[in-house]
>>> print(open('protein_37.txt').read())   # compact mmCIF, C-alpha atoms
# COMPACT_ATOMS: atom_id res chain seq x y z
CA MET T 26 54.20 -47.64 -41.71
CA LYS T 27 51.14 -46.43 -39.82
CA LEU T 28 48.59 -44.93 -42.19
CA PRO T 29 46.64 -41.76 -41.33
CA THR T 30 43.11 -42.33 -40.06
CA PHE T 31 41.35 -41.29 -43.27
CA ALA T 32 43.60 -43.47 -45.45
CA ARG T 33 43.15 -46.41 -43.09
CA VAL T 34 39.36 -46.07 -43.22
CA LEU T 35 39.42 -45.78 -47.01
CA ARG T 36 41.59 -48.88 -47.37
CA TYR T 37 39.24 -50.75 -45.04
CA PHE T 38 36.20 -50.00 -47.18
CA MET T 39 38.08 -50.80 -50.40
CA LYS T 40 39.18 -54.13 -48.95
CA THR T 41 35.83 -55.18 -47.45
CA GLY T 42 33.54 -53.48 -49.89
CA GLY T 43 31.94 -51.48 -47.09
CA SER T 44 30.72 -54.64 -45.40
CA GLY T 45 29.80 -53.01 -42.13
CA ALA T 46 30.57 -50.88 -39.09
CA GLY T 47 33.66 -52.34 -37.52
CA GLY T 48 33.04 -55.89 -38.71
CA HIS T 49 29.24 -55.60 -38.45
CA PRO T 50 27.24 -57.90 -40.76
CA PRO T 51 26.33 -56.38 -44.12
CA VAL T 52 22.96 -54.77 -44.69
CA ASN T 53 20.24 -56.84 -46.32
CA PRO T 54 18.56 -54.60 -48.91
CA THR T 55 15.37 -56.71 -48.91
CA MET T 56 14.82 -56.80 -45.16
CA GLU T 57 15.47 -53.22 -44.11
CA GLY T 58 18.01 -54.41 -41.57
CA ASP T 59 20.94 -56.77 -41.05
CA ILE T 60 21.22 -60.25 -42.48
CA PRO T 61 21.11 -62.69 -39.54
CA THR T 62 24.53 -64.22 -38.94
CA ALA T 63 23.03 -67.72 -38.96
CA TRP T 64 21.98 -67.39 -42.61
CA PRO T 65 24.22 -69.03 -45.25
CA TRP T 66 26.08 -67.00 -47.84
CA GLN T 67 23.74 -68.17 -50.60
CA TRP T 68 20.63 -67.12 -48.64
CA TRP T 69 18.97 -65.74 -51.78
CA GLN T 70 19.25 -69.18 -53.45
CA GLN T 71 17.48 -70.83 -50.52
CA ASN T 72 14.49 -68.48 -50.78
CA LEU T 73 15.45 -66.68 -47.55
CA ARG T 74 14.01 -63.40 -48.74
CA PRO T 75 11.74 -61.95 -46.07
CA GLY T 76 11.32 -58.77 -48.10
CA ALA T 77 10.30 -60.46 -51.34
CA TRP T 78 6.57 -60.40 -50.59
CA GLY T 79 6.08 -56.90 -51.89
CA ASP T 80 4.92 -53.68 -50.32
CA PRO T 81 1.65 -54.08 -48.39
CA ALA T 82 -0.62 -51.07 -48.13
CA ILE T 83 -0.60 -51.09 -44.33
CA ARG T 84 3.19 -50.58 -44.28
CA GLN T 85 2.85 -47.62 -46.62
CA ALA T 86 0.07 -46.17 -44.50
CA CYS T 87 1.99 -46.47 -41.22
CA ILE T 88 5.14 -44.83 -42.57
CA ASP T 89 3.12 -42.11 -44.32
CA ALA T 90 1.33 -41.34 -41.05
CA TYR T 91 4.67 -40.30 -39.54
CA ALA T 92 6.37 -38.85 -42.62
CA GLN T 93 3.49 -36.72 -43.90
CA THR T 94 2.53 -35.45 -40.44
CA ILE T 95 6.08 -34.39 -39.55
CA ALA T 96 6.65 -32.88 -43.01
CA SER T 97 3.69 -30.55 -42.43
CA MET T 98 5.37 -28.91 -39.41
CA ASP T 99 7.74 -25.96 -39.53
CA LEU T 100 11.20 -26.16 -37.94
CA GLU T 101 12.30 -23.17 -35.92
CA LEU T 102 15.21 -22.16 -33.73
CA THR T 103 14.13 -20.83 -30.32
CA ARG T 104 16.17 -18.95 -27.73
CA GLU T 105 15.66 -18.02 -24.09
CA ALA T 106 14.43 -14.42 -23.81
CA ASP T 107 15.42 -11.92 -21.14
CA ASP T 108 11.98 -12.15 -19.51
CA GLY T 109 12.33 -15.92 -18.94
CA GLY T 110 10.30 -17.07 -21.96
CA TYR T 111 11.39 -18.25 -25.40
CA GLU T 112 11.53 -16.33 -28.63
CA SER T 113 11.90 -17.47 -32.21
CA VAL T 114 15.19 -16.73 -34.02
CA ASP T 115 14.53 -15.80 -37.67
CA SER T 116 17.97 -14.66 -38.85
CA GLY T 117 21.23 -16.55 -39.17
CA THR T 118 22.56 -19.58 -41.00
CA ILE T 119 20.73 -22.17 -38.89
CA PRO T 120 17.19 -20.74 -39.39
CA THR T 121 17.96 -20.36 -43.10
CA VAL T 122 18.98 -24.03 -43.43
CA LEU T 123 15.96 -25.15 -41.40
CA ARG T 124 13.61 -23.24 -43.74
CA GLN T 125 15.27 -24.60 -46.91
CA PRO T 126 17.82 -27.38 -46.39
CA ASN T 127 19.32 -27.15 -49.89
CA SER T 128 18.81 -25.62 -53.31
CA TYR T 129 16.72 -28.48 -54.76
CA GLN T 130 14.44 -29.48 -51.86
CA THR T 131 11.87 -27.72 -49.73
CA ARG T 132 11.72 -28.24 -46.00
CA SER T 133 8.67 -30.46 -46.42
CA ASP T 134 10.33 -32.57 -49.11
CA PHE T 135 13.49 -32.98 -47.06
CA MET T 136 11.70 -33.99 -43.86
CA LEU T 137 9.28 -36.32 -45.68
CA ASN T 138 12.11 -38.39 -47.13
CA LEU T 139 14.24 -38.24 -43.98
CA VAL T 140 11.40 -39.72 -41.90
CA TRP T 141 10.67 -42.28 -44.63
CA ASN T 142 14.28 -43.51 -44.45
CA LEU T 143 14.10 -43.51 -40.66
CA MET T 144 10.92 -45.60 -40.42
CA GLU T 145 11.70 -47.88 -43.36
CA TRP T 146 15.37 -48.62 -42.61
CA GLY T 147 15.74 -47.58 -38.97
CA ASN T 148 18.24 -44.83 -39.95
CA GLY T 149 17.98 -41.40 -41.54
CA TYR T 150 21.09 -39.65 -42.89
CA ALA T 151 21.93 -36.19 -44.22
CA VAL T 152 25.36 -34.76 -45.12
CA PHE T 153 26.21 -31.18 -44.16
CA GLU T 154 27.73 -28.65 -46.55
CA ARG T 155 29.83 -26.01 -44.79
CA ASP T 156 31.19 -22.56 -45.55
CA ARG T 157 33.85 -21.35 -43.10
CA ASN T 158 32.72 -23.96 -40.58
CA ALA T 159 29.08 -22.83 -40.75
CA ILE T 160 26.47 -25.31 -42.01
CA THR T 161 24.92 -23.91 -45.19
CA ALA T 162 23.03 -26.93 -46.57
CA MET T 163 21.85 -30.46 -45.72
CA HIS T 164 21.79 -33.20 -48.37
CA LEU T 165 19.77 -36.37 -47.88
CA VAL T 166 21.51 -39.67 -48.58
CA ALA T 167 19.81 -43.06 -48.86
CA ALA T 168 20.04 -45.19 -45.75
CA ARG T 169 20.53 -48.34 -47.80
CA ASN T 170 23.69 -46.80 -49.34
CA THR T 171 25.21 -45.47 -46.11
CA GLN T 172 27.35 -47.36 -43.60
CA PRO T 173 29.04 -46.19 -40.37
CA TYR T 174 32.57 -47.24 -39.49
CA VAL T 175 34.44 -46.96 -36.17
CA ASP T 176 38.21 -46.71 -36.50
CA PRO T 177 39.68 -49.41 -34.22
CA ILE T 178 42.65 -47.24 -33.18
CA THR T 179 41.32 -43.70 -32.77
CA LYS T 180 37.64 -44.70 -32.27
CA ALA T 181 36.72 -41.94 -34.71
CA ILE T 182 33.41 -42.43 -36.52
CA TYR T 183 33.12 -42.13 -40.30
CA TYR T 184 30.27 -42.74 -42.73
CA ALA T 185 30.63 -44.30 -46.16
CA VAL T 186 28.03 -42.36 -48.15
CA GLY T 187 26.56 -42.95 -51.58
CA GLY T 188 23.36 -42.66 -53.54
CA ASN T 189 22.95 -38.88 -53.91
CA PRO T 190 24.44 -37.51 -57.15
CA LEU T 191 23.64 -33.94 -56.07
CA VAL T 192 26.06 -34.00 -53.14
CA PRO T 193 29.00 -31.78 -54.18
CA GLU T 194 31.88 -34.25 -53.81
CA GLY T 195 30.48 -37.25 -55.66
CA ILE T 196 28.29 -40.24 -55.02
CA ALA T 197 30.64 -42.41 -52.93
CA TYR T 198 32.97 -40.96 -50.31
CA LEU T 199 33.79 -40.91 -46.60
CA VAL T 200 32.41 -38.27 -44.24
CA PRO T 201 33.43 -37.65 -40.60
CA GLN T 202 30.75 -37.82 -37.95
CA ARG T 203 30.55 -34.05 -37.40
CA ASP T 204 29.35 -33.55 -40.98
CA VAL T 205 26.56 -36.15 -40.86
CA LEU T 206 23.06 -35.88 -39.40
CA HIS T 207 22.22 -39.39 -38.21
CA VAL T 208 18.80 -40.14 -36.72
CA ARG T 209 18.42 -43.77 -35.68
CA LEU T 210 15.85 -45.94 -33.97
CA HIS T 211 16.48 -48.85 -31.59
CA CYS T 212 20.00 -50.27 -32.01
CA PRO T 213 19.97 -53.90 -30.81
CA THR T 214 23.24 -55.05 -32.42
CA HIS T 215 25.39 -51.95 -32.93
CA PRO T 216 25.13 -48.48 -31.33
CA LEU T 217 25.29 -46.80 -34.75
CA ILE T 218 22.84 -49.01 -36.69
CA GLY T 219 19.13 -48.66 -35.97
CA VAL T 220 16.47 -51.23 -36.79
CA SER T 221 13.13 -50.41 -38.38
CA PRO T 222 9.74 -51.56 -37.00
CA VAL T 223 9.44 -53.36 -40.34
CA ARG T 224 11.52 -56.19 -38.87
CA ALA T 225 9.05 -56.78 -36.05
CA ALA T 226 6.16 -56.68 -38.53
CA ALA T 227 7.86 -58.91 -41.14
CA LEU T 228 5.71 -62.01 -40.62
CA ALA T 229 2.49 -60.00 -40.42
CA MET T 230 3.39 -58.20 -43.66
CA ALA T 231 4.16 -61.52 -45.39
CA ALA T 232 0.79 -62.94 -44.31
CA ASN T 233 -0.95 -59.73 -45.40
CA VAL T 234 0.46 -59.93 -48.92
CA ALA T 235 -0.17 -63.68 -49.12
CA ILE T 236 -3.84 -63.21 -48.24
CA THR T 237 -4.20 -60.33 -50.67
CA THR T 238 -2.58 -62.33 -53.47
CA GLN T 239 -4.80 -65.34 -52.80
CA GLN T 240 -7.94 -63.24 -52.80
CA ALA T 241 -6.95 -61.49 -56.02
CA ALA T 242 -6.39 -64.88 -57.66
CA PHE T 243 -9.74 -66.12 -56.36
CA PHE T 244 -11.76 -63.20 -57.67
CA THR T 245 -10.09 -63.35 -61.06
CA GLN T 246 -11.05 -67.06 -61.30
CA MET T 247 -7.45 -68.23 -61.22
CA ALA T 248 -7.55 -70.06 -57.93
CA ARG T 249 -11.08 -71.47 -58.17
CA PRO T 250 -13.76 -71.54 -60.91
CA SER T 251 -16.95 -69.60 -60.36
CA GLY T 252 -19.11 -72.67 -61.05
CA VAL T 253 -19.42 -76.09 -62.70
CA LEU T 254 -21.61 -77.41 -65.55
CA SER T 255 -22.75 -80.96 -64.74
CA THR T 256 -24.76 -83.60 -66.58
CA GLU T 257 -25.48 -87.30 -66.22
CA ALA T 258 -24.75 -87.90 -69.90
CA THR T 259 -21.37 -89.08 -71.11
CA LEU T 260 -19.71 -86.44 -73.29
CA THR T 261 -16.84 -86.81 -75.66
CA ARG T 262 -13.81 -84.50 -75.59
CA ALA T 263 -15.06 -82.64 -78.64
CA GLN T 264 -18.48 -82.13 -77.06
CA ILE T 265 -16.87 -80.81 -73.85
CA ASP T 266 -14.76 -78.33 -75.79
CA MET T 267 -17.76 -77.20 -77.84
CA LEU T 268 -19.87 -76.80 -74.68
CA ARG T 269 -17.16 -74.77 -72.95
CA ALA T 270 -16.73 -72.49 -75.95
CA ALA T 271 -20.49 -71.92 -76.20
CA TRP T 272 -20.75 -71.14 -72.49
CA GLU T 273 -17.87 -68.65 -72.56
CA ALA T 274 -19.25 -66.96 -75.66
CA GLN T 275 -22.55 -66.41 -73.86
CA SER T 276 -21.29 -65.37 -70.40
CA VAL T 277 -17.76 -63.86 -70.73
CA GLY T 278 -16.57 -60.50 -72.02
CA MET T 279 -19.14 -58.25 -73.66
CA ASN T 280 -21.86 -60.88 -73.08
CA ALA T 281 -21.25 -61.12 -69.34
CA GLY T 282 -24.54 -61.29 -67.49
CA GLY T 283 -26.42 -62.93 -70.37
CA VAL T 284 -28.85 -65.82 -69.94
CA PRO T 285 -27.40 -69.13 -71.21
CA ILE T 286 -29.89 -71.79 -72.26
CA LEU T 287 -29.01 -75.28 -70.99
CA SER T 288 -30.21 -78.50 -72.63
CA ASN T 289 -29.61 -82.24 -72.50
CA GLY T 290 -29.77 -82.32 -68.73
CA LEU T 291 -27.02 -79.72 -68.12
CA LYS T 292 -27.04 -78.03 -64.72
CA TRP T 293 -25.11 -75.01 -63.43
CA ASP T 294 -23.74 -75.37 -59.92
CA PRO T 295 -22.20 -72.06 -58.66
CA MET T 296 -19.31 -72.33 -56.20
CA SER T 297 -19.79 -70.03 -53.21
CA ILE T 298 -17.33 -68.93 -50.54
CA SER T 299 -17.07 -71.46 -47.74
CA SER T 300 -17.03 -70.60 -44.07
CA GLN T 301 -13.27 -71.22 -44.03
CA ASP T 302 -12.80 -68.68 -46.82
CA SER T 303 -14.91 -66.12 -45.00
CA GLU T 304 -12.49 -66.31 -42.06
CA ILE T 305 -9.73 -64.97 -44.30
CA ALA T 306 -11.07 -61.46 -43.75
CA ALA T 307 -10.59 -61.86 -40.00
CA ALA T 308 -7.05 -63.13 -40.55
CA PHE T 309 -6.35 -60.17 -42.83
CA ASN T 310 -7.51 -57.75 -40.14
CA MET T 311 -5.17 -59.42 -37.67
CA THR T 312 -2.20 -58.74 -39.95
CA VAL T 313 -3.23 -55.10 -40.24
CA GLU T 314 -3.40 -54.82 -36.45
CA ASP T 315 0.03 -56.42 -36.02
CA VAL T 316 1.75 -54.08 -38.48
CA ALA T 317 0.06 -51.01 -36.96
CA ARG T 318 1.03 -52.24 -33.50
CA ALA T 319 4.68 -52.52 -34.50
CA PHE T 320 4.63 -48.91 -35.76
CA ARG T 321 2.58 -47.70 -32.75
CA VAL T 322 -0.06 -46.18 -35.03
CA PRO T 323 -3.78 -46.20 -34.08
CA LEU T 324 -5.94 -48.07 -36.59
CA PRO T 325 -8.15 -45.04 -37.48
CA LEU T 326 -5.03 -43.27 -38.80
CA VAL T 327 -4.46 -46.03 -41.36
CA GLY T 328 -8.07 -46.22 -42.47
CA SER T 329 -9.16 -49.19 -40.35
CA MET T 330 -12.18 -48.27 -38.24
CA GLN T 331 -12.61 -51.63 -36.51
CA GLY T 332 -13.13 -51.10 -32.80
CA ALA T 333 -13.39 -47.34 -33.33
CA THR T 334 -16.32 -45.17 -32.28
CA TYR T 335 -17.17 -41.52 -32.59
CA ASN T 336 -16.14 -41.07 -28.96
CA ASN T 337 -12.69 -42.68 -28.93
CA VAL T 338 -11.12 -41.75 -32.29
CA GLU T 339 -9.99 -38.36 -31.02
CA GLN T 340 -8.50 -39.93 -27.89
CA LEU T 341 -6.66 -42.54 -29.98
CA ILE T 342 -5.09 -39.87 -32.20
CA ALA T 343 -4.16 -37.79 -29.14
CA LEU T 344 -2.52 -40.88 -27.64
CA TRP T 345 -0.48 -41.39 -30.82
CA MET T 346 0.66 -37.75 -30.76
CA ASN T 347 1.77 -38.09 -27.15
CA THR T 348 3.58 -41.42 -27.61
CA GLY T 349 4.60 -42.58 -31.09
CA LEU T 350 4.64 -39.25 -32.91
CA GLY T 351 5.87 -37.33 -29.89
CA PHE T 352 8.85 -39.66 -29.55
CA VAL T 353 9.87 -39.30 -33.22
CA LEU T 354 9.61 -35.49 -33.00
CA GLU T 355 11.78 -35.35 -29.88
CA HIS T 356 14.22 -37.85 -31.41
CA ILE T 357 14.76 -35.74 -34.54
CA GLU T 358 14.99 -32.52 -32.52
CA ALA T 359 17.70 -34.01 -30.29
CA ALA T 360 19.69 -35.19 -33.34
CA LEU T 361 19.47 -31.72 -34.92
CA ASP T 362 20.53 -30.01 -31.69
CA MET T 363 23.57 -32.27 -31.47
CA SER T 364 24.57 -31.91 -35.12
CA PHE T 365 24.19 -28.11 -35.18
CA GLU T 366 25.95 -27.84 -31.78
CA ILE T 367 23.09 -25.84 -30.29
CA PRO T 368 23.93 -24.25 -26.88
CA PRO T 369 21.75 -25.08 -23.84
CA THR T 370 19.92 -21.74 -24.11
CA GLU T 371 18.68 -22.56 -27.62
CA ALA T 372 16.73 -25.43 -29.18
CA ILE T 373 15.46 -26.61 -32.56
CA GLU T 374 11.77 -27.47 -32.31
CA PHE T 375 8.90 -28.51 -34.54
CA ASP T 376 5.90 -26.17 -34.62
CA THR T 377 3.12 -28.56 -33.60
CA ASP T 378 0.45 -25.90 -34.21
CA ALA T 379 0.30 -27.22 -37.77
CA LEU T 380 -1.53 -30.28 -36.43
CA GLN T 381 -4.56 -28.06 -35.68
CA ARG T 382 -4.53 -26.13 -38.93
CA THR T 383 -7.81 -27.67 -40.12
CA ASP T 384 -9.44 -27.73 -36.67
CA PHE T 385 -10.70 -24.16 -36.43
CA LYS T 386 -13.12 -24.89 -33.59
CA GLY T 387 -10.45 -26.56 -31.48
CA ARG T 388 -7.98 -23.72 -32.07
CA VAL T 389 -10.45 -21.01 -31.10
CA GLU T 390 -11.58 -22.84 -27.97
CA ALA T 391 -7.98 -23.37 -26.85
CA LEU T 392 -7.03 -19.74 -27.48
CA THR T 393 -10.14 -18.49 -25.68
CA LYS T 394 -9.29 -20.55 -22.62
CA GLY T 395 -5.71 -19.30 -22.82
CA ILE T 396 -6.87 -15.67 -22.81
CA THR T 397 -9.38 -16.03 -19.96
CA GLY T 398 -6.84 -18.04 -17.98
CA GLY T 399 -4.15 -15.39 -18.27
CA LEU T 400 -1.85 -17.55 -20.43
CA TYR T 401 -2.08 -15.42 -23.60
CA SER T 402 -2.69 -11.76 -24.13
CA PRO T 403 -5.36 -10.95 -26.75
CA ASN T 404 -2.70 -9.85 -29.23
CA GLU T 405 -0.68 -13.06 -28.72
CA ALA T 406 -3.77 -15.12 -29.48
CA ARG T 407 -4.60 -12.97 -32.51
CA SER T 408 -1.08 -13.35 -33.88
CA ARG T 409 -1.46 -17.14 -33.78
CA GLU T 410 -4.47 -16.75 -36.07
CA ARG T 411 -2.56 -14.31 -38.29
CA LEU T 412 -4.75 -11.39 -37.23
CA GLY T 413 -3.59 -7.82 -36.62
CA ARG T 414 -2.92 -6.41 -33.18
CA VAL T 415 -5.42 -4.22 -31.38
CA ALA T 416 -4.99 -1.35 -28.92
CA PHE T 417 -4.66 -2.29 -25.23
CA GLY T 418 -4.23 -5.99 -26.16
CA GLU T 419 -0.64 -6.56 -25.11
CA GLU T 420 -1.22 -7.37 -21.46
CA PRO T 421 -2.65 -10.75 -20.34
CA ARG T 422 -6.05 -10.58 -18.63
CA LEU T 423 -7.35 -12.39 -15.56
CA GLN T 424 -10.66 -12.29 -13.75
CA ALA T 425 -10.70 -10.29 -10.51
CA GLN T 426 -11.91 -13.13 -8.28
CA VAL T 427 -8.81 -15.20 -9.04
CA VAL T 428 -6.50 -14.35 -6.10
CA PRO T 429 -3.74 -16.23 -4.24
CA LEU T 430 -4.86 -18.40 -1.32
CA SER T 431 -2.87 -16.24 1.09
CA GLN T 432 -4.95 -13.21 0.08
CA VAL T 433 -8.41 -14.74 0.35
CA ASN T 434 -9.28 -13.07 3.68
CA ALA T 435 -7.74 -9.78 2.62
CA ALA T 436 -9.67 -9.59 -0.60
CA PRO T 437 -12.18 -6.71 -0.58
CA ALA T 438 -15.83 -7.70 -0.49
CA PRO T 439 -17.79 -6.88 -3.62
CA SER T 440 -19.45 -3.52 -3.36
CA THR T 441 -23.28 -3.18 -3.57
CA PRO T 442 -25.11 -0.09 -4.70
CA THR T 443 -26.53 1.96 -1.80
CA ALA T 444 -28.90 4.94 -1.58
CA PRO T 445 -27.23 8.35 -1.45
CA ALA T 446 -26.73 9.60 2.11
CA ALA T 447 -28.82 12.53 3.34
CA PRO T 448 -26.91 15.73 3.99
CA ALA T 449 -25.77 16.01 7.57
CA ALA T 450 -27.59 18.43 9.79
CA PRO T 451 -25.56 21.37 10.93
CA ALA T 452 -24.31 21.08 14.43
CA ALA T 453 -26.60 22.90 16.83
CA ASN T 454 -25.02 25.46 19.08
CA ASP T 455 -25.34 25.35 22.78
CA ALA T 456 -28.33 27.74 22.80
CA ASN T 457 -30.37 25.62 20.35
CA ALA T 458 -29.44 22.49 22.31
CA GLU T 459 -30.92 23.99 25.43
CA ASP T 460 -34.06 25.40 23.62
CA PRO T 461 -36.21 22.53 22.25
CA ALA T 462 -38.31 24.90 20.13
CA ALA T 463 -35.24 26.37 18.43
CA ALA T 464 -33.84 22.88 17.78
CA LYS T 465 -37.11 21.74 16.20
CA ALA T 466 -37.22 24.81 13.98
CA ALA T 467 -33.62 24.19 12.83
CA LEU T 468 -34.44 20.53 11.98
CA LEU T 469 -37.52 21.52 9.95
CA GLU T 470 -35.41 24.07 8.09
CA VAL T 471 -32.91 21.33 7.12
CA ILE T 472 -35.67 18.99 6.03
CA HIS T 473 -37.34 21.55 3.78
CA GLY T 474 -34.02 22.65 2.32
>>> encode(input="protein_37.txt", output="structure tokens")
Amino acid sequence: MKLPTFARVLRYFMKTGGSGAGGHPPVNPTMEGDIPTAWPWQWWQQNLRPGAWGDPAIRQACIDAYAQTIASMDLELTREADDGGYESVDSGTIPTVLRQPNSYQTRSDFMLNLVWNLMEWGNGYAVFERDRNAITAMHLVAARNTQPYVDPITKAIYYAVGGNPLVPEGIAYLVPQRDVLHVRLHCPTHPLIGVSPVRAAALAMAANVAITTQQAAFFTQMARPSGVLSTEATLTRAQIDMLRAAWEAQSVGMNAGGVPILSNGLKWDPMSISSQDSEIAAAFNMTVEDVARAFRVPLPLVGSMQGATYNNVEQLIALWMNTGLGFVLEHIEAALDMSFEIPPTEAIEFDTDALQRTDFKGRVEALTKGITGGLYSPNEARSRERLGRVAFGEEPRLQAQVVPLSQVNAAPAPSTPTAPAAPAAPAANDANAEDPAAAKAALLEVIHG
């Protein structure tokens, strides 16, 4: 008997334990990706654990650069206006869900964790809650506990979801594609499974943690002693132990920094860092660069100022906003538009003005140029700074000398102040025109008023 689609999917996951999307390899929880097919089943017993090195600070910084920046932006629904522009839609179920996705998370909290899942695992998931077919809430689910499945007969897509006890129907269940928000990065092996930049930075992260661990051991005197006591005399084991105890009592703990007194030919030879050890710092910086390169994050954003100057930091951050950050913003917006079934005349967009919230000088300069260039009216610019409207400020302004090229010759010349014209002399009649004396008398009369 042919089972219904939902029952067939459920039986598949019960039989395989949710091993993957249509026979896809299972997810490796320590690698933020898929276990390579060439690895043996007992890969953990053979020390094949690329994620066992820990959590380097540079990885945290790169993911936070995306997650915290995007979480600071508002989400809004925009619609084409009758005058050809776009206007913000404030009422309705979609704007309400965008402002507060659910009853236990703010918009910032929701987006922070969604982007964290996206950058750490390559996939970000949220399950929709509906009321009469309208989306009323979005619930985040952990990417490591979520798996897509493609039904081999109907090609319908389902998601096996778990890991969120606040989702109404339990912590492990199947959800059809229309009720899941799925944002994914590059999908090299399966069109529904993204891969995180962590995979490309795996070796650099392992080297970073290895160097950090070695340096911590060195500075805590576990990898190498700070110095050696030497003498030409032959000491017994008891004398060596007594000498070591006396030295530690004088120079360790509360007595650190004291002045030990050496006798019987004892000499203190401190052990300094060799030139090979000093090159570790350069190797460490290389690992930082590689991880930041995989995440497409400029080094100044993660606290590394090597190669940075006062003149290029702003350009580097602007480049990141136009490439790495701009891509992630557009990627999430497209996924939201598809999941909410937004018509072509509407769009869900991030308000990128939040990126300039602390740059007052930059905001004012941009708004001033927008007003003088005819882009904004004074009231539109004032509303962006949360200022009240003023009279006669609704219409955009433009300087008078800015005219179309076709009207350059027709433009009126600028007027110059001239002296007031003298009153015209009354027209002389024919008799005065023939009598020079009468004409002269009439002219003198006009001149003297």
>>> atom_distance(input="protein_37.txt", atom1="CA of Thr370 in chain T", atom2="CA of Glu105 in chain T")
5.7 Å
>>> closest_residue(input="protein_37.txt", among="T:Ile373, T:Thr256, T:Leu217, T:Glu390", to="Glu358 in chain T", atoms="only C-alpha atoms")
T:Ile373
>>> atom_distance(input="protein_37.txt", atom1="CA of Met346 in chain T", atom2="CA of Thr214 in chain T")
28.5 Å
>>> residues_around(input="protein_37.txt", residues="range 420-432 of chain T", least_positions_apart="6", cutoff="7 Å", atoms="all atoms listed in the file", output="list in words")
Ile396, Thr397, Gly398, Gly399, Leu400, Tyr401, Ser402 and Pro403 of chain T
>>> write_last_selection(input="protein_37.txt", atoms="C-alpha atoms", output="mmCIF file, in the frame of the given file")
data_model
loop_
_atom_site.group_PDB
_atom_site.id
_atom_site.type_symbol
_atom_site.label_atom_id
_atom_site.label_comp_id
_atom_site.auth_asym_id
_atom_site.auth_seq_id
_atom_site.Cartn_x
_atom_site.Cartn_y
_atom_site.Cartn_z
ATOM 1 C CA ILE T 396 -6.870 -15.670 -22.810
ATOM 2 C CA THR T 397 -9.380 -16.030 -19.960
ATOM 3 C CA GLY T 398 -6.840 -18.040 -17.980
ATOM 4 C CA GLY T 399 -4.150 -15.390 -18.270
ATOM 5 C CA LEU T 400 -1.850 -17.550 -20.430
ATOM 6 C CA TYR T 401 -2.080 -15.420 -23.600
ATOM 7 C CA SER T 402 -2.690 -11.760 -24.130
ATOM 8 C CA PRO T 403 -5.360 -10.950 -26.750
#
>>> atom_distance(input="protein_37.txt", atom1="CA of Ala231 in chain T", atom2="CA of Asn310 in chain T")
13.3 Å
>>> closest_residue(input="protein_37.txt", among="T:Met311, T:Ala185, T:Ala162, T:Leu206", to="Ala232 in chain T", atoms="all atoms listed in the file")
T:Met311
>>> closest_residue(input="protein_37.txt", among="T:Ala416, T:Leu165, T:Ala106, T:Val353", to="His211 in chain T", atoms="all atoms listed in the file")
T:Val353
>>> closest_residue(input="protein_37.txt", among="T:Leu100, T:Val122, T:Ala258, T:Leu361", to="Val208 in chain T", atoms="only C-alpha atoms")
T:Leu361
>>> closest_residue(input="protein_37.txt", among="T:Asp115, T:Asp108, T:Asp89, T:Glu101", to="Trp141 in chain T", atoms="all atoms listed in the file")
T:Asp89
>>> build_atoms(input="protein_37.txt", residues="range 93-103 of chain T", atoms="N, CA and C atoms", output="CSV table (one decimal), keeping the file's coordinate frame")
chain,number,residue,atom,x,y,z
T,93,GLN,N,4.3,-37.8,-43.4
T,93,GLN,CA,3.5,-36.7,-43.9
T,93,GLN,C,3.1,-35.8,-42.8
T,94,THR,N,2.9,-36.3,-41.6
T,94,THR,CA,2.5,-35.4,-40.4
T,94,THR,C,3.7,-34.6,-40.0
T,95,ILE,N,4.9,-35.2,-39.9
T,95,ILE,CA,6.1,-34.4,-39.6
T,95,ILE,C,6.5,-33.4,-40.6
T,96,ALA,N,6.3,-33.8,-41.9
T,96,ALA,CA,6.6,-32.9,-43.0
T,96,ALA,C,5.8,-31.6,-43.0
T,97,SER,N,4.6,-31.7,-42.4
T,97,SER,CA,3.7,-30.6,-42.4
T,97,SER,C,4.0,-29.5,-41.4
T,98,MET,N,5.0,-29.8,-40.5
T,98,MET,CA,5.4,-28.9,-39.4
T,98,MET,C,6.6,-28.1,-39.8
T,99,ASP,N,6.6,-26.8,-39.3
T,99,ASP,CA,7.7,-26.0,-39.5
T,99,ASP,C,8.8,-26.3,-38.5
T,100,LEU,N,10.1,-26.1,-38.9
T,100,LEU,CA,11.2,-26.2,-37.9
T,100,LEU,C,11.7,-24.8,-37.6
T,101,GLU,N,11.9,-24.5,-36.3
T,101,GLU,CA,12.3,-23.2,-35.9
T,101,GLU,C,13.3,-23.3,-34.8
T,102,LEU,N,14.2,-22.3,-34.8
T,102,LEU,CA,15.2,-22.2,-33.7
T,102,LEU,C,14.7,-21.2,-32.7
T,103,THR,N,14.6,-21.7,-31.4
T,103,THR,CA,14.1,-20.8,-30.3
T,103,THR,C,15.3,-20.5,-29.4
